[in-house]
Every structure is written in structure tokens, then in C-alpha cells.
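Input: a single structure, listed below in C-alpha cells.
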Amino acid sequence: MHEVTFTSHRFENHTLFLESWYFRGRVSLAGKEGAKAWRIFVWHRLQDAEKASCVVEGARPLPFQVREHEGGLQLEAEGMAALWIRLNRFGFRFEGLEAFELESHRFGPLGKASGGAAREWTAFHEENDGLPLGAGLSLLINEPAKRRYYGLGERTGFLDKKGKVWTNWNTDDPHHHPDTDPLYQSHPFVLGLERGRAFGLYLDESWRTVFDLASVESQQSVVHTDGPTFDLYLIPGPSPKEVLTGYTALVGRAKLPPLWSLGHHQCRYSYANQDLALKVAEEYRKRDIPLDALWLDIDYMEGFKVFTFDRQRFPDVPALTSGLEALGVKTVAIVDPGVKKEPGYRIYEEGHSRGYFVRSHRDEELVGSVWPSPAVWPDFSRHEVREWWSELHQFYLDGGIAGIWNDMNEPAAFTVEGHSMDPHNRTLPGTAKQGDHFHAETHNLYGLQMCQSTYQGLRRLQPDKRPFILTRAGFSGIQKYAMVWTGDNHSYWEHLESSIPMLLNLGLSGVPFVGADIGGFGGNTSGELLARWTWLGAFYPFMRNHSGKTSRRQEPWMFGAPWEGYIREAVLFRYRMLPLLYTLAEQACQSGLPPMRPLIMEYPQDLEAETLCDQFLFGPDLLVAPSLKPGQNHRLVYLPEGEWQDFWSGESYQGPLHLPVPTPFDRVPLFQRAGSALPFTEAEAHTTDAYWEKLCWRVAPSKKIHGALYEDSGDGYQPGAVSTLEGSYRDNRLRLSFHDRSSRPREFVEASVRGVAEPSWCSAPYQYSRDAEDGPVLKLDLTKGSVEVSWG
């Protein structure tokens with residue numbers, strides 16, 4: 001173990017250079033899209049001096065000042081939190097974060113992480129300095145008791161990730177226990193929160209990294225990389241929103257998906273033939289349950305060969321996709337990276353002849369098995385391989401396939417010739433070669449680069465449409481190319497509940513469009529579980545019912561009455577809510593803030609919200625508190641500071657407040673922030689475009705009222721428009737004004753206000769009714785753009 005230390009420094013060209021006899025360092029202020037972050041980069045090998053990033057692109061160095069301060073150097077820039085660094089026994093301070101030491105080779109080549117996480121591959125020696133790759137570097141951080149940590153992507157457990165060791169190593173593990181780690185994605189990013197102030201820490205290293213967040217020593221955390229460099233970005237707050245906006249500016253933000261991808265999806269492993277697939281969609285239409293996409297799992301292929309259709313079971317895929325399209329249903333097909341090694345199979349023959357597949361350490365084509373056997377894997381680290389793979393997707397477009405599902409792209413492997421397989425790490429060996437790199441360095445990037453290839457292919461092959469891709473594996477920045485689902489969960493109530501913090505932390509890691517398999521992939525669901533899960537799933541940004549081959553069928557009608565009715569109502573509510581979701585989606589692409597967000601994003605000063613993860617916010621104004629237990633007919637909801645209105649009854653409450661509420665099966669407890677106006681529409685069987693001819697604003701009155709609506713064609717790249725609803729409620733008088741920026745005519749525009757008495761005067765036509773269960777509802781005609789109402 002060596003302490004990293006520097007003996008001299010120089011400052012030139014907006015960069016602080018740190019030097020010693022062995023280590024080199026560089027500190028700069030990176031700027032991108034108006035955001036700023038300090039970058040600390042430490043290396044020792046000559047070839048690493050100009051290390052490139054596969055994630056951070058287009059950042060430019062910004063000017064800053066350096067002065068001596070408290071025995072170290074103080075780095076300052078306008079509009080940026082200061083960074084203090086110490087050269088001798090290198091350390092730094094930033095926004096309350098104090099790193100007191102950077103160690104080289106804290107992990108031995110065959111040893112364990114500081115938190116006890118066993119190594120999963122044998123280190124090998126890099127010839128130019130004889131040091132074992134994988135020994136790596138570790139940053140030691142002082143840990144205050146009150147600090148919380150969020151992010152790290154897709155993780156089991158609760159919202160706050162402090163107190164455990166988290167490993168970034170993309171892993172195909174279908175057993176999602178509370179302590180299962182790692183899973184399919186790697187996001188070496190944490191958002192720290194202490195006394196209401198937040199900071200971000202992003203380790204831009206693709207090697208296996210480990211975040212020991214005060215698991216062994218409560219007063220110390222360790223951030224480790226197996227690689228030979230340490231490339232760290234420090235992102236300022238002070239709010240969680242500012243951290244996430246800055247982080248996503250750095251690594252990239254999602255692109256606005258096609259509207260149909262935000263609808264309801266149905267999948268199963270597998271629909272055995274094309275007749276069955278079409279009948280499932282037809283059954284949705286017969287039962288008046290909205291549906292936008294039907295998915296084909298691996299059994300559509302001929303012998304698990306990607307870019308093929310089985311000629312017996314799927315003899316006429318264009319007829320299938322056109323039949324589904326006539327019902328308003330898109331078709332999505334799974335595409336795995338494993339390519340069957342079979343003479344005469346075009347995909348293998350082309351890749352083999354061009355040398356496009358991953359190589360062994362003996363520089364031979366690496367062969368193993370996954371679904372196809374034997375199998376080889378494309379080397380997506382190489383530009384020419386990504387280009388080749390992207391062009392292959394013309395095959396699916398010719399068949400009428402609308403979206404691509406990238407699975408098994410950790411990459412998963414069942415066997416690899418010449419290597420024993422760890423059942424908890426079923427992947428390629430670290431000694432495999434990808435271009436000029438070992439797989440140990442590129443493993444975590446494999447899914448990201450596969451999705452990059454798929455995205456670029458779809459973007460180029462159909463330039464008038466937005467690509468839709470779903471992925472299981474990924475790395476920081478995956479949101480630029482794909483939506484993410486959380487893999488092989490099970491039909492457990494525990495997995496229903498744990499999906500919330502898992503998705504929230506993905507959102508806090510920059511990935512806004514996420515979902516979990518509704519009903520559970522493995523095991524057998526029940527009508528009650530599926531109904532509750534569908535109501536929760538109505539608020540997942542990506543909403544898909546999916547089940548495994550050996551599990552019970554779980555289409556909405558499989559459990560009969562009353563469950564089918566409850567599930568239908570949940571899906572209908574999703575479609576009523578699409579104007580709101582689409583607006584939040586567009587805002588996510590601009591700001592990086594996800595539609596589904598924890599309370600700490602809006603209320604970072606609220607100590608009660610710091611660990612709360614059985615409820616969440618949908619945007620800033622709608623609080624969702626789903627039922628998560630079998631047989632549950634009531635639950636406790638926490639309302640943060642401010643006034644909140646029960647979405648269903650209109651009854652108002654003043655937070656902070658713990659409130660017991662009923663949990664009927666035909667709805668989910670919802671609370672709307674006073675002063676907000678949320679756009680809704682009438683539900684249709686499927687989406688068309690994102691111009692809402694029938695528009696209803698749900699208004700929760702307050703002194704100042706505001707709502708926004710984003711509209712466009714729902715696909716393609718024509719510019720959209722933002723319409724707003726502004727208003728006020730003072731002295732028993734409600735004023736609303738709708739500023740309509742849409743170029744399309746509307747059938748009607750109305751505002752709905754709940755929990756109020758019938759008005760004594762109104763400037764426009766209105767309807768007033770009292771529901772026995774939900775109380776009074778006032779509907780105001782906004783066709784002329786404004787309305788004024790008074791009481792008393």
C-alpha cells in the first residue's frame with residue numbers, strides 16, 4: 001500500500017498539474033451546458049496521461065484561481081464551490097466532503113475489498129511496470145454521522161445507501177435478495193446529503209469499482225477502483241436538483257422517447273407463435289384495456305440466432321406487425337449480444353471474417369455459450385463493430401419492428417471455453433481482449449456500447465422516428481441511448497415494495513425512464529398482487545407487464561373479476577395522465593430531473609424524507625403512496641411541508657403531517673400540492689400523437705397557481721410547444737388563464753377543482769356535482785382561455 005503524495009505543482013492553461021517521482025495529477029474545472037464540476041485525475045503510467053472517457057464528452061476547461069491556504073492550495077472560480085487540496089499525503093475538501101487520503105494498492109491482487117467483497121477474477125500483470133492490474137486506488141473519506149448517500153444506480157435495499165459496500169460490476173443475477181449486489185448496471189455516482197446540502201461524486205472509471213459507504217468503520221468511507229487511474233468529478237449543489245442537473249449535463253441526458261413507449265406494454269417469455277401474439281393484443285381491445293406495445297422474447301428466433309425469425313412459429317412477421325399496427329399496437333423484439341457460432345449463419349460469418357468478436361488472452365476468438373451454444377460476442381468497444389451491428393437492424397425494421405430490447409448485455413455467459421464459471425459472475429473472463437483493452441476494463445461498458453450501437457443504427461436507418469430501446473445492462477450515461485428496466489424480479493410483495501427505492505436511485509443516477517416488471521417476472525403472481533402492482537406501475541415512467549416462461553400467465557384478465565376491473569382502471573388512469581407524464585418526460589430531457597423522484601429532491605431539509613421510500617413524487621406536485629402489503633386496507637402517508645389536497649376527494653391537509661388513509665383496490669392514494677395545475681386527458685385505447693384535443697387541468701387552488709403542458713407530434717423531431725395555466729385563489733375568488741401555444745384545435749378545455757362548494761358566480765359555463773364517495777367536483781369551461789369564479 002502506498003499513500004499518493006505530490007511534491008510540486010504548477011498552474012497553466014486552466015489546469016493545476018501535480019507531480020511526484022511516481023504519481024502525476026491534474027486538477028481542472030470542467031464546464032458543459034452551463035454546469036461545472038471539479039475534475040481530479042491521478043495516474044502513474046505514461047499511456048494514461050491523456051485517458052479518454054466513454055461517458056464525459058464535450059466538457060471544456062474553465063478558468064479558476066489558485067492560492068495557498070491552510071497548508072494547501074485553494075481553488076476558486078466564480079459561481080463554483082471552492083476546492084481545497086493537500087499535496088503531501090494527498091487529500092481534499094469540497095462542499096463538506098473531506099477526503100483525507102488516496103491509497104495505491106489498498107486491495108491486493110487476490111484479496112478482498114475493505115468491506116469484505118471477494119474479488120471475482122484473478123489479477124494479471126501489466127508488463128510495463130510489473131504491477132498487478134486490479135490492485136487499484138482507494139480514496140478514504142471522513143464520514144459524518146448525519147450524511148446520507150443516494151444514487152449508485154440499480155440497487156437492492158432501501159433509499160439511503162449508507163452502511164453497506166456496493167460494487168460496480170455488471171452482473172446477471174436473477175436472485176434479488178435484500179443483500180444481492182451487484183446487479184445488471186454500474187453507476188459509480190453518489191449524491192451526498194447532509195443537513196439539507198448536497199454534493200455529487202462521480203468516479204469516471206469503467207473498471208470494477210467499490211463504494212464502501214461507512215460499512216466497516218462508521219466514520220470512514222472508501223471509494224475504490226481496480227484500475228490504474230483515479231478520475232473523479234466533484235459536482236456542487238447545494239440542492240439535490242442542482243447536483244443532478246450538473247451531473248447529467250456532464251454524462252449526458254436522455255432524449256425524448258416516442259409517446260407510444262410511455263404507454264402500456266405487454267410481454268411474456270415467450271409468446272410461442274405469431275398467432276398467439278396477435279390474439280393477446282386482440283384480447284386487450286375486446287376488454288377495453290389500453291395497450292401500446294407487444295413484445296417478442298427470444299423464442300421468435302431460429303435457434304436463438306439474433307437477426308432471424310423462426311420460419312415455423314413466426315412465418316410472416318410483417319403480417320404480424322401490420323396486424324398489430326392496425327390495432328394501434330407496436331411490436332418490440334429482443335436482441336441479445338451472443339451470436340451463435342454456426343457455419344453459414346450470416347451474422348457469425350461476417351463478424352468472424354472481419355475479426356469483430358471478443359478475443360481470448362491467446363488472441364483467439366473467445367467461444368462460450370449463452371442462449372445460443374456455442375456463442376461468440378461482438379466487441380462493442382470498437383467503432384467499426386458498433387457501425388456493423390447498427391446496420392444489421394435494418395432486418396428488424398423491414399419486419400415492422402418498432403423497438404429493440406437489449407438483454408443479456410452485461411454480457412451474460414453460461415460457459416466460456418477454458419474457464420470455470422462463477423455462478424454469481426456469469427460473464428466473460430477479465431483476461432479477454434476487446435480492442436487494445438482487457439475485458440476487465442471494458443466489461444462495465446459493454447451494455448452501454450451495445451445500446452449506443454443500436455441507438456445510432458435506428459437513428460440513422462429511420463431518421464424521422466425517435467429510437468426506442470430498452471436495456472438491462474448499462475453504465476453512467478446509459479440514458480442517452482435507452483430506457484432501463486430492473487431485470488428478473490419475482491412475484492413477491494417484497495419486490496413490489498423494493499422496486500420503489502431501486503427506481504428512485506436510478507433516477508437519482510441520471511436515468512429518468514425506468515420500470516420494473518409489473519406482476520413480477522419469476523414465480524406466480526396473484527390477482528391482488530397484480531392489481532396493486534399495476535397501480536404502482538401506472539407511475540413507472542416505463543410501464544410493462546412481463547412474466548417468465550415457467551410462471552403463471554399474468555395478462556390483466558387472467559384472474560377474473562374483480563381484479564381485471566381494478567387493473568383496467570389503473571391502466572386507464574395511466575392514459576388519462578399521459579399529458580402530465582409526457583410533459584415531465586420532456587422536462588427530464590432538458591434538466592435531468594426524473595418524473596419519478598424521492599421526496600428529498602423537493603424537500604432536502606426535511607429529515608423525515610431522507611430515508612422515505614414507500615412513497616414518492618411524480619414530478620414536483622403529485623405525491624404517490626401505493627399499497628404495498630397483502631390484505632392492506634389502510635396505510636400511513638407522510639405529507640411534507642405545505643398544503644396538500646387529496647387528489648380524489650379534494651380534502652386539504654397542512655404538512656408536515658403523518659396521515660392514515662384508506663387503500664381501496666380501484667385507486668392509489670394521491671395528494672396534489674396546492675398551487676399546482678396538472679394536465680390530464682380522456683383515456684384512449686392507444687396513443688396517437690401528443691396533441692391533446694381533450695384537455696382537463698386538475699387544479700389545487702392556492703394564492704398562486706401554475707401548470708405546464710408540453711405537446712408535439714409524439715414522434716419525430718418537429719419542434720413542440722409549451723402551454724401554461726396561470727391563476728390565483730384569493731378572497732374566495734378563483735382566476736384561471738390558459739395560454740394555449742398549440743397549433744391544433746381542441747375539442748374542449750376544462751379545469752377541474754375538487755373539495756369546493758358550488759360557486760355563487762362564474763364567468764363561464766360550469767358543472768357542479770357531488771360524488772357520494774369523493775365529494776364535490778367543479779368543472780370549469782376554459783374554451784375561451786380564462787375563467788373567474790367567486791364564492792359568497
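For the C-alpha cells, the naming scheme is as follows: chains receive sequential letters (A, B, ...) according to their order of presentation, residues are indexed from 1 within each chain, and ligands are indexed from 1 in presentation order.
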
Subject >> Thr15 of chain A environment, 6 Å, only C-alpha atoms, sequence neighbours closer than 3 positions dropped, as an MDAnalysis selection string >> reply: chainID A and resid 11:12 27:28

Selection export as a PDB file, in the first residue's frame, atoms kept: all heavy atoms:
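Output file part.pdb follows:
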```pdb
ATOM      1  N   PHE A  11       0.728  25.659 -12.378  1.00  0.00           N
ATOM      2  CA  PHE A  11      -0.598  26.065 -12.833  1.00  0.00           C
ATOM      3  C   PHE A  11      -0.486  26.752 -14.181  1.00  0.00           C
ATOM      4  O   PHE A  11       0.158  27.787 -14.308  1.00  0.00           O
ATOM      5  CB  PHE A  11      -1.233  27.001 -11.797  1.00  0.00           C
ATOM      6  CG  PHE A  11      -2.631  27.445 -12.141  1.00  0.00           C
ATOM      7  CD1 PHE A  11      -3.600  26.529 -12.523  1.00  0.00           C
ATOM      8  CD2 PHE A  11      -2.988  28.788 -12.066  1.00  0.00           C
ATOM      9  CE1 PHE A  11      -4.888  26.932 -12.825  1.00  0.00           C
ATOM     10  CE2 PHE A  11      -4.271  29.203 -12.362  1.00  0.00           C
ATOM     11  CZ  PHE A  11      -5.232  28.272 -12.748  1.00  0.00           C
ATOM     12  N   GLU A  12      -1.067  26.143 -15.198  1.00  0.00           N
ATOM     13  CA  GLU A  12      -1.028  26.727 -16.532  1.00  0.00           C
ATOM     14  C   GLU A  12      -2.180  26.185 -17.370  1.00  0.00           C
ATOM     15  O   GLU A  12      -2.652  25.064 -17.160  1.00  0.00           O
ATOM     16  CB  GLU A  12       0.294  26.428 -17.226  1.00  0.00           C
ATOM     17  CG  GLU A  12       0.616  24.960 -17.381  1.00  0.00           C
ATOM     18  CD  GLU A  12       1.996  24.723 -17.965  1.00  0.00           C
ATOM     19  OE1 GLU A  12       2.964  25.338 -17.477  1.00  0.00           O
ATOM     20  OE2 GLU A  12       2.090  23.902 -18.902  1.00  0.00           O
ATOM     21  N   VAL A  27      -5.738  18.731 -11.973  1.00  0.00           N
ATOM     22  CA  VAL A  27      -6.991  19.252 -11.447  1.00  0.00           C
ATOM     23  C   VAL A  27      -7.470  20.353 -12.377  1.00  0.00           C
ATOM     24  O   VAL A  27      -6.717  21.265 -12.713  1.00  0.00           O
ATOM     25  CB  VAL A  27      -6.832  19.802 -10.013  1.00  0.00           C
ATOM     26  CG1 VAL A  27      -8.193  20.241  -9.468  1.00  0.00           C
ATOM     27  CG2 VAL A  27      -6.197  18.765  -9.097  1.00  0.00           C
ATOM     28  N   SER A  28      -8.719  20.250 -12.802  1.00  0.00           N
ATOM     29  CA  SER A  28      -9.285  21.246 -13.708  1.00  0.00           C
ATOM     30  C   SER A  28     -10.736  21.482 -13.356  1.00  0.00           C
ATOM     31  O   SER A  28     -11.354  20.717 -12.597  1.00  0.00           O
ATOM     32  CB  SER A  28      -9.155  20.786 -15.167  1.00  0.00           C
ATOM     33  OG  SER A  28      -9.810  19.542 -15.353  1.00  0.00           O
TER      34      SER A  28
END
```

Subject >> For Ser390 of chain A: contacts at 10 Å, only C-alpha atoms, fewer than 3 positions along chain excluded, given as a list of chain:residue names >> reply: A:Glu384, A:Val385, A:Arg386, A:Glu387, A:His393, A:Gln394, A:Met450, A:Cys451, A:Gln452, A:Ser453, A:Thr454, A:Tyr455, A:Gln456, A:Gly457, A:Leu458, A:Arg459, A:Arg460, A:Leu461

**OP:** Just the residues within 8 Å of segment 172-184 of chain A, please, counting only C-alpha atoms, with nothing from its chain fewer than 4 positions along; format it as JSON, numbers by chain.
**Re:** {"A": [154, 155, 156, 157, 166, 167, 168, 408, 410, 411, 412, 424, 425, 426, 427, 472, 473, 474, 486, 487, 488, 489]}

**OP:** Identify which of the residues A:Asn732, A:Gln479, A:Gln462, A:Ser53 lies closest to Gly792 of chain A, counting only C-alpha atoms when measuring atom-to-atom distances.
**Re:**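 Looking at the shortest contact to Gly792 of chain A, the residue is A:Asn732.
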
**OP:** Between A:Pro664, A:Arg346, A:Trp405, A:Ser743, single out the one closest to Glu773 of chain A, counting only C-alpha atoms.
**Re:** A:Pro664

**OP:** Can you pull out every residue within 12 Å of Pro759 of chain A, counting only C-alpha atoms, but drop anything in the same chain fewer than 3 positions away, and send it as a VMD selection string?
**Re:** chain A and resid 732 to 734 753 755 to 756 762 to 769 776 to 780 788 to 792

Original post:
Pick the closest to Leu327 of chain A from A:Asp310, A:Glu283, A:Glu602, A:Asp212: which is it, counting only C-alpha atoms?
Top reply: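 Among A:Asp310, A:Glu283, A:Glu602, A:Asp212, it is A:Glu283 that comes nearest to Leu327 of chain A.
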
Subject >> All helix (DSSP H, G or I) positions in segment 216-418 of chain A, as a ChimeraX atom specification >> reply: /A:240-251,259-262,274-286,298-300,317-326,346-354,383-392,394-398

Original post:
Of the residues A:Thr245, A:Ser547, A:Ser381, A:Asn505, which is the one nearest to Tyr271 of chain A, using only C-alpha atoms?
Top reply: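 The closest residue to Tyr271 of chain A is A:Ser547.
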
**OP:** May I ask which of the residues A:Met601, A:Leu83, A:Leu97, A:Leu508 is the closest one to Arg39 of chain A, counting only C-alpha atoms?
**Re:**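 Of the candidates, the smallest distance to Arg39 of chain A is held by A:Leu83.
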
Subject >> Nearest to Tyr575 of chain A, chosen from A:Pro188, A:Gly96, A:Pro679, A:Gly237, with only C-alpha atoms counted in the distances >> reply: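 Closest candidate: A:Pro679.
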
Original post:
Do you know which residues are at most 6 Å from Trp207 of chain A counting only C-alpha atoms, after dropping those on the same chain fewer than 3 positions away, and could you put them as a list in words?
Top reply: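 Within the cut-off, the hits are Asp226, Gly227 and Glu441 of chain A.
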
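The strand (DSSP E or B) portion of segment 504-594 of chain A consists of Val514, Gly515, Asp517, Ile518, Gly522, Met543, Arg544 and Asn545 of chain A, with states taken from DSSP on the backbone.
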
Just the residues within 7 Å of Val484 of chain A, please, counting only C-alpha atoms, with nothing from its chain fewer than 2 positions along; format it as a PDB file with N, CA, C and O atoms, in the first residue's frame.
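The new file part.pdb reads:
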```pdb
ATOM      1  N   LEU A 470     -34.835  -0.599 -24.945  1.00  0.00           N
ATOM      2  CA  LEU A 470     -34.849  -0.952 -23.526  1.00  0.00           C
ATOM      3  C   LEU A 470     -33.632  -1.819 -23.259  1.00  0.00           C
ATOM      4  O   LEU A 470     -33.306  -2.708 -24.052  1.00  0.00           O
ATOM      5  N   THR A 471     -32.948  -1.569 -22.147  1.00  0.00           N
ATOM      6  CA  THR A 471     -31.754  -2.342 -21.817  1.00  0.00           C
ATOM      7  C   THR A 471     -31.801  -2.841 -20.391  1.00  0.00           C
ATOM      8  O   THR A 471     -32.434  -2.248 -19.517  1.00  0.00           O
ATOM      9  N   ARG A 472     -31.098  -3.970 -20.183  1.00  0.00           N
ATOM     10  CA  ARG A 472     -30.910  -4.479 -18.828  1.00  0.00           C
ATOM     11  C   ARG A 472     -29.599  -3.956 -18.253  1.00  0.00           C
ATOM     12  O   ARG A 472     -29.552  -3.487 -17.121  1.00  0.00           O
ATOM     13  N   ALA A 482     -31.053   4.576 -24.053  1.00  0.00           N
ATOM     14  CA  ALA A 482     -32.053   3.548 -23.758  1.00  0.00           C
ATOM     15  C   ALA A 482     -32.810   3.844 -22.474  1.00  0.00           C
ATOM     16  O   ALA A 482     -32.317   4.551 -21.589  1.00  0.00           O
ATOM     17  N   THR A 486     -35.450  -3.232 -14.523  1.00  0.00           N
ATOM     18  CA  THR A 486     -34.622  -3.732 -13.425  1.00  0.00           C
ATOM     19  C   THR A 486     -34.425  -5.238 -13.443  1.00  0.00           C
ATOM     20  O   THR A 486     -34.013  -5.824 -12.433  1.00  0.00           O
ATOM     21  N   PHE A 513     -36.057   7.287 -17.359  1.00  0.00           N
ATOM     22  CA  PHE A 513     -37.093   6.427 -17.928  1.00  0.00           C
ATOM     23  C   PHE A 513     -36.821   4.987 -17.528  1.00  0.00           C
ATOM     24  O   PHE A 513     -36.031   4.273 -18.156  1.00  0.00           O
ATOM     25  N   VAL A 514     -37.478   4.563 -16.454  1.00  0.00           N
ATOM     26  CA  VAL A 514     -37.178   3.293 -15.800  1.00  0.00           C
ATOM     27  C   VAL A 514     -38.477   2.581 -15.431  1.00  0.00           C
ATOM     28  O   VAL A 514     -39.537   3.191 -15.298  1.00  0.00           O
ATOM     29  N   GLY A 515     -38.364   1.274 -15.238  1.00  0.00           N
ATOM     30  CA  GLY A 515     -39.511   0.492 -14.792  1.00  0.00           C
ATOM     31  C   GLY A 515     -39.071  -0.863 -14.291  1.00  0.00           C
ATOM     32  O   GLY A 515     -37.942  -1.295 -14.520  1.00  0.00           O
TER      33      GLY A 515
END
```
